[in-house]
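A.B. asks: Before I ask anything, let me first share the structure, which is written out below as structure tokens.
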Amino acid sequence: MTDKIPTPSSDSWHTSSASEAAKLLQIDMTSGLSEEQVKSRQQHYGPNVILTKEGRSVWRILQQQFSDFMIIVLIIAAIVSGLVGEPEDAIAIVVIVLLNAVVGFMQDYRAEKALAALKKLAAPTATVRRNGQIEVIPTDQLVPGDVVILEDGNLIPADLRLSHIAQLQVNEAALTGESQPVDKISAALQDAELAIADRLNVAYKGTVVTRGRGEGVVTATGMQTEIGKIATLLTDEDVTKTPLQKRLARFGKRLAILILCICAVIFVTGLLRGEPTVLMFLTAVSLAVAAIPEALPAVITVSLALGAKKMVRLNALTRSLPAVETLGSVTYICSDKTGTLTENSMHLEALYCDGAMHKKVIDNGSDVWGLIARALLLNNDVSKSVDGKLRGDPTEVALYQGIQQAGYQKTQLLVDLPRIDEIPFDADRKRMTTIHQHDDAYISFTKGAAESIVDICENVLTSDGLQALDKKEIQQQIQQMASQGYRVLGVAYHNWNRQPHALNANQVESDLTFLGLVGLIDPPRSEAFDAVSLCKSAGITPVMITGDHPATALAIAERLGIASPDKRVLTGADLDQISDEQFEEIVREVRVYARVTPAQKIKIVKALQDLDEYVAMTGDGVNDAPALKRADIGIAMGQKGTDVAREASQLVLLDDNFATIVSAIREGRRIFDNIRKFIKYTLTSNSGEVWVLFLAPFLGLPIPLLPIHILWINLVTDGLPGLALVTEKGERGVMKRPPRPPNESIFAHGLWQHMVWVGLLIGAVSLVAQSWAIHTGSDAWQTMVFTTLTFAQLAHVLAIRSERESLFSIGVFSNRYLIVAIVLTFLLQLATIYVPFLQPIFKTQPLTLNELAICCALASLVFVAVEIEKWLVRNWNIYGDDLYAKDKK
């Protein structure tokens, strides 16, 4: 008989009974698929693997590194430098271009690897029932309709509709964000719109069985599984450019066009004055090569690399260099809750006992406290391994530790009250019971979901003895604790005169005496509160996005200061009900999202990005990977994170600590500030060179500089001092100011004004030196211009070490690398003047001591002028720069 391929809806399995699912998939659960059915379905559905679209080839990735406009201009500059006889400069530019290409290549190559990590989640084999026989097969051969048998420790090989379960628990944290294993059921559910985390009768590919056994029928394989859908999202999401890349792209195009226009004017002006055509051509080309800051990519690379190295010491591993700077521009941090903001382990934190709420077990000698402590410790399957570590269900481990801290020891209690029987936990009853013997009497302890315990209790033990149980009051207490984010368990007991031999749950678990309620929670990390507070002071909005329960999410958010009690929690179901336009109107007001899917996480990130926000996304699970890739910067957990999350991220927290992000943000802001200082320095210096050559003809002065002078100044001043500038310490109050607007021009905050007037000043003092030398009859007038211009740039770099603070307040020697670079550059400049064999190469003449002193004095005017500018910025805010005004501590 030919198998008719079934095509049921993958979203409705949880609403169908197991028998209905088997009917839809046209199989007999007792025998499984036949060989003929397997073959036809393998042809129809394909292998059970995560497919990836064909990625870019290595050569394609490499080719794209040379398509940037700035890189093209630098390549042309290198060619021109070679043609005019400056092979050293040409080689330097080529090396810089290649270095930049390697960095870009590694970033793109990393993005291509993100999907490959998903394949690691595939279990190598699966146990199935086929042709009435139990077989072990490779997981890639599974097809819809296969009956899969699950045991403790199994990695689930495909999406399954569970048909039989025996105390089956599955850890779905990697997929849904739930911190606790989920108790599975086999009965059908009614709500067709349930979130993935609430579909208790479905098991998902890539999740792990933590307890019990089960059996289910495969409903989806490969790309149709929930993990497959995530893989599709990863494939669809492109890696967005960083703020620095965007700013530099705009900056490079405008700068190159401006410089070429100025060089053309200088060339034409020289020809009109009768200067030799070849000389003017070489001068114009040399100025173009010098004015384009070809060292900028290298300086940025070095700056980011040094920052990345420092961040490793802060437990933050950078997988993409531009991500270091991106942190400094982040306006929103969308953080997963479990394991990121919380400890990812349950703690006993609240007990309702004897009519009052307590934070811990109190050993006051009363019967109530003694019994509740014994119940929680003895009705518990936790054991200790040889190395002293606790093994067992996370909830029971939390109870064990909480009671042990009150001074109770399980081994001692078991001597007095040995366990003689038990009724195991199951998902239908939602409770477990253990029976213990004490002399000739017996006692049973029952714990489980609070509502299920209250339903089977008739009275309550208090310090005044047994009282009638007010179930309405207890229900209100349960709701109050649940609203605070607690997982609430109930505890009860029953005394027996003789051992109950018929272990029937309906008989043993009835007419119990209520002891109390226990509140468990995965608490916030101790350092997370301060980290959230620092984020807010830095103008960054923290947002919690989790697959956990809304009440739990809001409770943790309130504790951390992320949200206030009146803030609305937006659930995945809510997101499905509103349009993208409606969502963008409220997205800035929402601080907590719960029960969200991977696609909805991307929707949140995109909505913020559409409003010009720069978004960092933290996470550790498979469900976080698409949003990590889509975000402006993805931050994965290094210890508890999955391979998929780490491969999709740009930053990995080696200590899984949210507080590490704050240190990384501080470093990112420092790095961008220093890159801005380098741009300020190099553009101002270059504009000084342009002004010298541009204004000299209009002032009746001869060409003040030769091509070799221009290239030398460009080499020595943009080289060592520029690189040393990026090692500058952070500005004061760097974490007291808001993030820079993502669309902010790189010339904001007075940079372009500084570049113009200081460039004019540098040009002016150089031309003054030329004019003075000519009028005094010195033959070294060109050497004086050359020297004054070089020294003026060194004075300038000293003055701009801080955007607003005086050099003397931050310390002249606080950046030793820069001081060494300045001294070395100064000595090299003197070598071009006074070393005999260098004089013909650089076309220089030795200066007298008086002439050298004049050069130094004129150059020092630049330092004095910039110090005055910073005084005006501090006291008069001359550039209207409110951002810097907030930098003060």
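Just so we're on the same page: first chain in the structure tokens is A, next is B, and so on; residues restart at 1 for each chain, and ligands are numbered from 1 in the order they show up.
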Looking only at the backbone, which of the residues in region 307-474 of chain A does DSSP tag as alpha helix (DSSP H), as number ranges by chain?

C.D. replies: A: 307-313, 322-326, 367-378, 394-404, 410-416, 450-455, 471-474

A.B. asks: Skipping near chain neighbours, those fewer than 2 positions away, what residues fall within 10 Å of Val768 (chain A) using only C-alpha atoms, listed as number ranges by chain?

C.D. replies: A: 762-766, 770-774, 784-785, 788, 855, 858

A.B. asks: Restricted to C-alpha atoms, what would the selected residues look like written as a CSV table (one decimal), in the first residue's frame?

C.D. replies:
chain,number,residue,atom,x,y,z
A,762,ILE,CA,48.6,76.3,12.4
A,763,GLY,CA,48.7,77.6,8.9
A,764,ALA,CA,49.1,81.2,10.1
A,765,VAL,CA,52.0,80.6,12.5
A,766,SER,CA,53.8,78.6,9.7
A,770,GLN,CA,58.1,81.9,6.3
A,771,SER,CA,57.5,85.6,6.1
A,772,TRP,CA,59.9,86.4,8.9
A,773,ALA,CA,62.6,84.3,7.4
A,774,ILE,CA,62.2,85.8,3.9
A,784,MET,CA,61.4,77.0,9.0
A,785,VAL,CA,57.9,76.5,7.6
A,788,THR,CA,57.1,75.2,12.5
A,855,CYS,CA,59.8,77.9,15.3
A,858,LEU,CA,55.3,80.1,17.2

A.B. asks: Please measure the separation of CA of Glu589 (chain A) and CA of Glu744 (chain A), giving the value in Å to one decimal.

C.D. replies: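 So the two atoms, CA of Glu589 (chain A) and CA of Glu744 (chain A), lie 23.4 Å apart.
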
A.B. asks: Compare A:Asp183, A:Asp574, A:Asp632, A:Asp440 by their minimum atom-to-atom distance to Asp393 (chain A), counting only C-alpha atoms, and give me the closest one.

C.D. replies: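 Using only C-alpha atoms, the shortest distance to Asp393 (chain A) belongs to A:Asp183.
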
A.B. asks: So that I can see what lies close to Ile661 (chain A), please list as a PyMOL selection string the residues with an atom at most 10 Å from it, counting only C-alpha atoms and leaving out residues fewer than 4 positions away in the same chain.

C.D. replies: chain A and resi 311+314-316+327+333+531-532+535+616+618+635+651-653+656-657+665-667

A.B. asks: Residues at most 7 Å from Thr331 (chain A), counting only C-alpha atoms, excluding those fewer than 3 positions away in the same chain, as a PyMOL selection string?

C.D. replies: chain A and resi 539-541+613-615+739

A.B. asks: Go ahead and save the residues from that selection, with N, CA and C atoms, as an mmCIF file, in the first residue's frame.

C.D. replies:
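The file below, selection-v2.cif, is the result:
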data_model
loop_
_atom_site.group_PDB
_atom_site.id
_atom_site.type_symbol
_atom_site.label_atom_id
_atom_site.label_comp_id
_atom_site.auth_asym_id
_atom_site.auth_seq_id
_atom_site.Cartn_x
_atom_site.Cartn_y
_atom_site.Cartn_z
ATOM 1 N N GLY A 539 22.364 56.838 30.760
ATOM 2 C CA GLY A 539 21.371 57.127 29.725
ATOM 3 C C GLY A 539 20.961 55.913 28.926
ATOM 4 N N ILE A 540 21.203 54.719 29.464
ATOM 5 C CA ILE A 540 20.874 53.483 28.763
ATOM 6 C C ILE A 540 19.656 52.855 29.428
ATOM 7 N N THR A 541 18.683 52.463 28.626
ATOM 8 C CA THR A 541 17.457 51.888 29.147
ATOM 9 C C THR A 541 17.551 50.368 29.160
ATOM 10 N N GLU A 613 17.087 53.968 17.846
ATOM 11 C CA GLU A 613 17.767 53.520 19.048
ATOM 12 C C GLU A 613 18.833 52.497 18.655
ATOM 13 N N TYR A 614 19.917 52.455 19.455
ATOM 14 C CA TYR A 614 20.939 51.437 19.238
ATOM 15 C C TYR A 614 20.787 50.382 20.324
ATOM 16 N N VAL A 615 20.617 49.144 19.900
ATOM 17 C CA VAL A 615 20.152 48.097 20.782
ATOM 18 C C VAL A 615 21.218 47.035 20.999
ATOM 19 N N PRO A 739 24.171 58.343 25.987
ATOM 20 C CA PRO A 739 24.864 57.859 24.783
ATOM 21 C C PRO A 739 24.814 58.922 23.682
#
